[in-house]
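Trainee: First, the structure itself, so that you have it in front of you.
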Amino acid sequence: MEKEKSGKTTLVIPCSGIGKVHGLIGREAAYEIIDRIAPDTTETLCLALLVTGDEDAVAKVRTHPCVTIDGCPKVCSQKNVEMAGGQITKAVRVVDAFKNHRGAQPGTATKLSGEGWTIAHEIAEETARAVCGGATGGTL
């Protein structure tokens, strides 16, 4: 997510994940990246626009580096970015984060618990570090 190299904003695209706590965690992690960690070099894109073939959304993923954050193993965000011809620099699955949080009670589809917020923050920070080579805190 290096704006200096590409001159382009990186798109952080979470799955919709409506009705599932894993989807909520993924969306919150994405918002943390675009709102707190790297607001000047990242933005998000509505996955539904991409799924429906919106011309502007498709053009944007084809011309910007993309990070996908999927709640479940179906990886809808990743698959749709790939089908639209986008280049994914990092693909994240929320379910993988639970390997480090066995037995966690992350909350519900509409409200995260403290454990859920911890997982969302970890995903955001780890994603930023992986894509930026360690740079976080507004320098993604």
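Going through the structure tokens in order, the chains are called A, B, and so on, while each chain numbers its residues from 1 and the ligands are numbered from 1 in the order shown.
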Determine which residues of range 23-86 of chain A receive a DSSP assignment of alpha helix (DSSP H), computed from the backbone, and state them as a count of residues only.

Mentor: 32

Trainee: When you look at Leu47 in chain A with a cut-off of 7 Å (counting only C-alpha atoms), what residues show up, excluding the ones that are within fewer than 4 positions of it in the same chain? I need them as a list of chain:residue names.

Mentor: A:Ile13, A:Cys15, A:Ser16, A:Val51, A:Ser77

Trainee: Write out, as a tab-separated table (two decimals), in the first residue's frame, the residues just selected, with N, CA and C atoms.

Mentor:
```
chain	number	residue	atom	x	y	z
A	13	ILE	N	-11.16	-3.79	0.48
A	13	ILE	CA	-12.52	-4.23	0.16
A	13	ILE	C	-12.92	-5.40	1.04
A	15	CYS	N	-15.70	-8.14	2.67
A	15	CYS	CA	-16.92	-8.81	2.24
A	15	CYS	C	-18.09	-8.12	2.92
A	16	SER	N	-19.25	-8.33	2.40
A	16	SER	CA	-20.44	-7.74	3.01
A	16	SER	C	-20.75	-8.44	4.32
A	51	VAL	N	-19.90	-6.62	-7.54
A	51	VAL	CA	-20.65	-7.84	-7.85
A	51	VAL	C	-21.65	-7.61	-8.98
A	77	SER	N	-15.19	-11.51	-1.47
A	77	SER	CA	-14.51	-10.29	-1.87
A	77	SER	C	-13.33	-10.62	-2.78
```

Trainee: Fewer than 4 positions away in the same chain doesn't count, so skip those; otherwise give me all residues within 7 Å of Ala109 in chain A, counting only C-alpha atoms, as a list in words.

Mentor: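 These residues fall inside the cut-off: Gly19, Lys20, Val21 and Leu24 of chain A.
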
Trainee: A:Thr108, A:Thr52, A:Thr9, A:Thr127: which is nearest Ile25 in chain A, counting only C-alpha atoms?

Mentor: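 Selected residue with least distance to Ile25 in chain A: A:Thr108.
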
Trainee: Which of these, A:Arg93, A:Lys60, A:Lys111, A:Lys99, has the shortest distance to Gly26 in chain A once you count only C-alpha atoms?

Mentor: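 Result for the nearest residue to Gly26 in chain A: A:Arg93.
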
Trainee: List the neighbours of range 87-91 of chain A out to 12 Å using only C-alpha atoms; skip same-chain residues closer than 5 positions along the sequence, and give me the result as an mmCIF file with N, CA and C atoms, in the first residue's frame.

Mentor:
```cif
data_model
loop_
_atom_site.group_PDB
_atom_site.id
_atom_site.type_symbol
_atom_site.label_atom_id
_atom_site.label_comp_id
_atom_site.auth_asym_id
_atom_site.auth_seq_id
_atom_site.Cartn_x
_atom_site.Cartn_y
_atom_site.Cartn_z
ATOM 1 N N MET A 1 0.828 -1.166 0.000
ATOM 2 C CA MET A 1 0.000 0.000 0.000
ATOM 3 C C MET A 1 0.872 1.228 0.000
ATOM 4 N N GLU A 2 1.781 1.265 -0.894
ATOM 5 C CA GLU A 2 2.731 2.356 -0.928
ATOM 6 C C GLU A 2 2.318 3.359 -1.982
ATOM 7 N N THR A 10 -4.748 2.592 -2.332
ATOM 8 C CA THR A 10 -5.050 1.170 -2.233
ATOM 9 C C THR A 10 -6.491 1.002 -1.794
ATOM 10 N N LEU A 11 -7.199 0.107 -2.450
ATOM 11 C CA LEU A 11 -8.581 -0.186 -2.092
ATOM 12 C C LEU A 11 -8.607 -1.316 -1.074
ATOM 13 N N VAL A 12 -9.291 -1.102 0.028
ATOM 14 C CA VAL A 12 -9.484 -2.135 1.042
ATOM 15 C C VAL A 12 -10.945 -2.553 0.929
ATOM 16 N N ILE A 13 -11.165 -3.786 0.484
ATOM 17 C CA ILE A 13 -12.517 -4.230 0.159
ATOM 18 C C ILE A 13 -12.918 -5.402 1.042
ATOM 19 N N PRO A 14 -13.772 -5.127 2.038
ATOM 20 C CA PRO A 14 -14.246 -6.229 2.883
ATOM 21 C C PRO A 14 -15.461 -6.898 2.268
ATOM 22 N N CYS A 15 -15.699 -8.137 2.668
ATOM 23 C CA CYS A 15 -16.920 -8.806 2.242
ATOM 24 C C CYS A 15 -18.095 -8.120 2.924
ATOM 25 N N GLY A 26 -14.550 -8.223 9.844
ATOM 26 C CA GLY A 26 -13.840 -7.837 8.625
ATOM 27 C C GLY A 26 -14.108 -6.402 8.218
ATOM 28 N N VAL A 58 -15.643 -1.502 -11.298
ATOM 29 C CA VAL A 58 -14.758 -2.427 -12.018
ATOM 30 C C VAL A 58 -13.504 -1.693 -12.487
ATOM 31 N N ALA A 59 -13.673 -0.507 -13.036
ATOM 32 C CA ALA A 59 -12.522 0.272 -13.498
ATOM 33 C C ALA A 59 -11.582 0.594 -12.348
ATOM 34 N N LYS A 60 -12.152 0.903 -11.201
ATOM 35 C CA LYS A 60 -11.325 1.267 -10.048
ATOM 36 C C LYS A 60 -10.485 0.085 -9.570
ATOM 37 N N VAL A 61 -11.080 -1.121 -9.463
ATOM 38 C CA VAL A 61 -10.279 -2.264 -8.997
ATOM 39 C C VAL A 61 -9.246 -2.680 -10.030
ATOM 40 N N ARG A 62 -9.488 -2.378 -11.285
ATOM 41 C CA ARG A 62 -8.511 -2.719 -12.321
ATOM 42 C C ARG A 62 -7.321 -1.767 -12.336
ATOM 43 N N THR A 63 -7.485 -0.604 -11.730
ATOM 44 C CA THR A 63 -6.420 0.408 -11.787
ATOM 45 C C THR A 63 -5.816 0.745 -10.428
ATOM 46 N N HIS A 64 -6.235 0.043 -9.375
ATOM 47 C CA HIS A 64 -5.709 0.297 -8.037
ATOM 48 C C HIS A 64 -5.318 -1.019 -7.371
ATOM 49 N N PRO A 65 -4.259 -1.017 -6.573
ATOM 50 C CA PRO A 65 -3.959 -2.225 -5.794
ATOM 51 C C PRO A 65 -5.100 -2.466 -4.806
ATOM 52 N N CYS A 66 -5.388 -3.740 -4.560
ATOM 53 C CA CYS A 66 -6.517 -4.098 -3.698
ATOM 54 C C CYS A 66 -6.105 -5.023 -2.557
ATOM 55 N N VAL A 67 -6.740 -4.815 -1.418
ATOM 56 C CA VAL A 67 -6.645 -5.702 -0.263
ATOM 57 C C VAL A 67 -8.056 -6.183 -0.009
ATOM 58 N N THR A 68 -8.232 -7.495 0.094
ATOM 59 C CA THR A 68 -9.556 -8.032 0.392
ATOM 60 C C THR A 68 -9.569 -8.588 1.804
ATOM 61 N N ILE A 69 -10.686 -8.399 2.489
ATOM 62 C CA ILE A 69 -10.863 -8.938 3.836
ATOM 63 C C ILE A 69 -12.187 -9.697 3.835
ATOM 64 N N ASP A 70 -12.099 -11.017 3.912
ATOM 65 C CA ASP A 70 -13.275 -11.879 3.858
ATOM 66 C C ASP A 70 -13.567 -12.506 5.206
ATOM 67 N N GLY A 71 -14.841 -12.538 5.571
ATOM 68 C CA GLY A 71 -15.251 -13.113 6.842
ATOM 69 C C GLY A 71 -15.205 -14.620 6.862
ATOM 70 N N CYS A 72 -15.547 -15.239 5.755
ATOM 71 C CA CYS A 72 -15.638 -16.700 5.745
ATOM 72 C C CYS A 72 -14.771 -17.307 4.649
ATOM 73 N N PRO A 73 -14.653 -18.630 4.645
ATOM 74 C CA PRO A 73 -13.822 -19.308 3.650
ATOM 75 C C PRO A 73 -14.339 -19.222 2.210
ATOM 76 N N VAL A 75 -14.622 -16.578 0.555
ATOM 77 C CA VAL A 75 -13.816 -15.478 0.008
ATOM 78 C C VAL A 75 -14.501 -14.722 -1.141
ATOM 79 N N CYS A 76 -15.689 -14.239 -0.872
ATOM 80 C CA CYS A 76 -16.474 -13.521 -1.884
ATOM 81 C C CYS A 76 -15.770 -12.262 -2.378
ATOM 82 N N SER A 77 -15.193 -11.512 -1.469
ATOM 83 C CA SER A 77 -14.511 -10.288 -1.874
ATOM 84 C C SER A 77 -13.325 -10.619 -2.781
ATOM 85 N N GLN A 78 -12.512 -11.561 -2.350
ATOM 86 C CA GLN A 78 -11.345 -11.953 -3.145
ATOM 87 C C GLN A 78 -11.764 -12.439 -4.532
ATOM 88 N N LYS A 79 -12.745 -13.318 -4.590
ATOM 89 C CA LYS A 79 -13.183 -13.867 -5.874
ATOM 90 C C LYS A 79 -13.725 -12.787 -6.800
ATOM 91 N N ASN A 80 -14.499 -11.858 -6.249
ATOM 92 C CA ASN A 80 -15.085 -10.819 -7.091
ATOM 93 C C ASN A 80 -14.054 -9.818 -7.584
ATOM 94 N N VAL A 81 -13.070 -9.501 -6.774
ATOM 95 C CA VAL A 81 -11.995 -8.616 -7.236
ATOM 96 C C VAL A 81 -11.215 -9.318 -8.351
ATOM 97 N N GLU A 82 -10.924 -10.598 -8.172
ATOM 98 C CA GLU A 82 -10.207 -11.349 -9.202
ATOM 99 C C GLU A 82 -11.018 -11.429 -10.493
ATOM 100 N N ASP A 96 -9.308 -17.139 9.760
ATOM 101 C CA ASP A 96 -7.936 -17.542 10.093
ATOM 102 C C ASP A 96 -7.447 -16.881 11.383
ATOM 103 N N ILE A 123 -6.352 -7.821 13.052
ATOM 104 C CA ILE A 123 -6.419 -8.016 11.597
ATOM 105 C C ILE A 123 -5.991 -6.738 10.885
ATOM 106 N N ALA A 124 -6.484 -5.599 11.344
ATOM 107 C CA ALA A 124 -6.132 -4.323 10.709
ATOM 108 C C ALA A 124 -4.629 -4.070 10.787
ATOM 109 N N GLU A 126 -2.119 -6.256 11.416
ATOM 110 C CA GLU A 126 -1.345 -7.276 10.702
ATOM 111 C C GLU A 126 -1.439 -7.079 9.196
ATOM 112 N N THR A 127 -2.597 -6.706 8.717
ATOM 113 C CA THR A 127 -2.771 -6.469 7.284
ATOM 114 C C THR A 127 -1.930 -5.281 6.847
ATOM 115 N N ALA A 128 -1.974 -4.216 7.624
ATOM 116 C CA ALA A 128 -1.183 -3.035 7.295
ATOM 117 C C ALA A 128 0.311 -3.353 7.300
ATOM 118 N N ARG A 129 0.768 -4.081 8.314
ATOM 119 C CA ARG A 129 2.199 -4.443 8.370
ATOM 120 C C ARG A 129 2.600 -5.316 7.192
ATOM 121 N N ALA A 130 1.782 -6.277 6.850
ATOM 122 C CA ALA A 130 2.125 -7.201 5.764
ATOM 123 C C ALA A 130 2.215 -6.480 4.424
ATOM 124 N N VAL A 131 1.319 -5.557 4.200
ATOM 125 C CA VAL A 131 1.285 -4.879 2.911
ATOM 126 C C VAL A 131 2.307 -3.754 2.839
ATOM 127 N N CYS A 132 2.591 -3.140 3.971
ATOM 128 C CA CYS A 132 3.492 -1.978 3.990
ATOM 129 C C CYS A 132 4.896 -2.290 4.454
#
```

Trainee: Might you pull out every residue within 12 Å of Asp56 in chain A, with only C-alpha atoms counted and same-chain residues fewer than 6 positions away left off, and present them as a list in words?

Mentor: Leu45, Cys46, Leu49, Leu50, Arg62, Thr63 and Ala84 of chain A

Trainee: Using only C-alpha atoms, which residue out of A:Val92, A:Ala97, A:Ile33, A:Ala48 lies closest to Glu115 in chain A?

Mentor: A:Ala97

Trainee: DSSP on the backbone, then: every residue of chain A marked strand (DSSP E), written as a PDB file with N, CA and C atoms, in the first residue's frame.

Mentor:
```
ATOM      1  N   THR A  10      -4.748   2.592  -2.332  1.00  0.00           N
ATOM      2  CA  THR A  10      -5.050   1.170  -2.233  1.00  0.00           C
ATOM      3  C   THR A  10      -6.491   1.002  -1.794  1.00  0.00           C
ATOM      4  N   LEU A  11      -7.199   0.107  -2.450  1.00  0.00           N
ATOM      5  CA  LEU A  11      -8.581  -0.186  -2.092  1.00  0.00           C
ATOM      6  C   LEU A  11      -8.607  -1.316  -1.074  1.00  0.00           C
ATOM      7  N   VAL A  12      -9.291  -1.102   0.028  1.00  0.00           N
ATOM      8  CA  VAL A  12      -9.484  -2.135   1.042  1.00  0.00           C
ATOM      9  C   VAL A  12     -10.945  -2.553   0.929  1.00  0.00           C
ATOM     10  N   ILE A  13     -11.165  -3.786   0.484  1.00  0.00           N
ATOM     11  CA  ILE A  13     -12.517  -4.230   0.159  1.00  0.00           C
ATOM     12  C   ILE A  13     -12.918  -5.402   1.042  1.00  0.00           C
ATOM     13  N   PRO A  14     -13.772  -5.127   2.038  1.00  0.00           N
ATOM     14  CA  PRO A  14     -14.246  -6.229   2.883  1.00  0.00           C
ATOM     15  C   PRO A  14     -15.461  -6.898   2.268  1.00  0.00           C
ATOM     16  N   THR A  42      -5.532   4.971   1.563  1.00  0.00           N
ATOM     17  CA  THR A  42      -6.484   3.877   1.353  1.00  0.00           C
ATOM     18  C   THR A  42      -7.907   4.413   1.291  1.00  0.00           C
ATOM     19  N   GLU A  43      -8.741   3.629   0.662  1.00  0.00           N
ATOM     20  CA  GLU A  43     -10.176   3.879   0.660  1.00  0.00           C
ATOM     21  C   GLU A  43     -10.860   2.543   0.462  1.00  0.00           C
ATOM     22  N   THR A  44     -12.163   2.536   0.599  1.00  0.00           N
ATOM     23  CA  THR A  44     -12.889   1.296   0.413  1.00  0.00           C
ATOM     24  C   THR A  44     -13.786   1.411  -0.804  1.00  0.00           C
ATOM     25  N   PRO A  65      -4.259  -1.017  -6.573  1.00  0.00           N
ATOM     26  CA  PRO A  65      -3.959  -2.225  -5.794  1.00  0.00           C
ATOM     27  C   PRO A  65      -5.100  -2.466  -4.806  1.00  0.00           C
ATOM     28  N   CYS A  66      -5.388  -3.740  -4.560  1.00  0.00           N
ATOM     29  CA  CYS A  66      -6.517  -4.098  -3.698  1.00  0.00           C
ATOM     30  C   CYS A  66      -6.105  -5.023  -2.557  1.00  0.00           C
ATOM     31  N   VAL A  67      -6.740  -4.815  -1.418  1.00  0.00           N
ATOM     32  CA  VAL A  67      -6.645  -5.702  -0.263  1.00  0.00           C
ATOM     33  C   VAL A  67      -8.056  -6.183  -0.009  1.00  0.00           C
ATOM     34  N   THR A  68      -8.232  -7.495   0.094  1.00  0.00           N
ATOM     35  CA  THR A  68      -9.556  -8.032   0.392  1.00  0.00           C
ATOM     36  C   THR A  68      -9.569  -8.588   1.804  1.00  0.00           C
ATOM     37  N   ILE A  69     -10.686  -8.399   2.489  1.00  0.00           N
ATOM     38  CA  ILE A  69     -10.863  -8.938   3.836  1.00  0.00           C
ATOM     39  C   ILE A  69     -12.187  -9.697   3.835  1.00  0.00           C
ATOM     40  N   ASP A  70     -12.099 -11.017   3.912  1.00  0.00           N
ATOM     41  CA  ASP A  70     -13.275 -11.879   3.858  1.00  0.00           C
ATOM     42  C   ASP A  70     -13.567 -12.506   5.206  1.00  0.00           C
ATOM     43  N   GLN A  87      -5.956  -6.519  -9.104  1.00  0.00           N
ATOM     44  CA  GLN A  87      -4.756  -7.139  -8.546  1.00  0.00           C
ATOM     45  C   GLN A  87      -4.809  -7.057  -7.037  1.00  0.00           C
ATOM     46  N   ILE A  88      -4.792  -8.214  -6.390  1.00  0.00           N
ATOM     47  CA  ILE A  88      -4.863  -8.287  -4.944  1.00  0.00           C
ATOM     48  C   ILE A  88      -3.450  -8.351  -4.371  1.00  0.00           C
ATOM     49  N   THR A  89      -3.125  -7.375  -3.532  1.00  0.00           N
ATOM     50  CA  THR A  89      -1.810  -7.372  -2.900  1.00  0.00           C
ATOM     51  C   THR A  89      -1.823  -8.142  -1.585  1.00  0.00           C
ATOM     52  N   LYS A  90      -3.009  -8.301  -1.001  1.00  0.00           N
ATOM     53  CA  LYS A  90      -3.149  -9.063   0.245  1.00  0.00           C
ATOM     54  C   LYS A  90      -4.589  -9.533   0.343  1.00  0.00           C
ATOM     55  N   ALA A  91      -4.772 -10.828   0.614  1.00  0.00           N
ATOM     56  CA  ALA A  91      -6.097 -11.404   0.837  1.00  0.00           C
ATOM     57  C   ALA A  91      -6.140 -11.930   2.265  1.00  0.00           C
ATOM     58  N   VAL A  92      -7.109 -11.460   3.026  1.00  0.00           N
ATOM     59  CA  VAL A  92      -7.234 -11.808   4.441  1.00  0.00           C
ATOM     60  C   VAL A  92      -8.539 -12.558   4.654  1.00  0.00           C
ATOM     61  N   ARG A  93      -8.483 -13.607   5.489  1.00  0.00           N
ATOM     62  CA  ARG A  93      -9.687 -14.329   5.902  1.00  0.00           C
ATOM     63  C   ARG A  93      -9.827 -14.186   7.415  1.00  0.00           C
TER      64      ARG A  93
END
```

Trainee: What is the CA of Glu125 in chain A to CA of Ile37 in chain A distance in Å?

Mentor: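 Between CA of Glu125 in chain A and CA of Ile37 in chain A the gap is 7.9 Å.
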
Trainee: CA of Val94 in chain A and CA of Ala29 in chain A, how far apart in Å?

Mentor: 9.4 Å
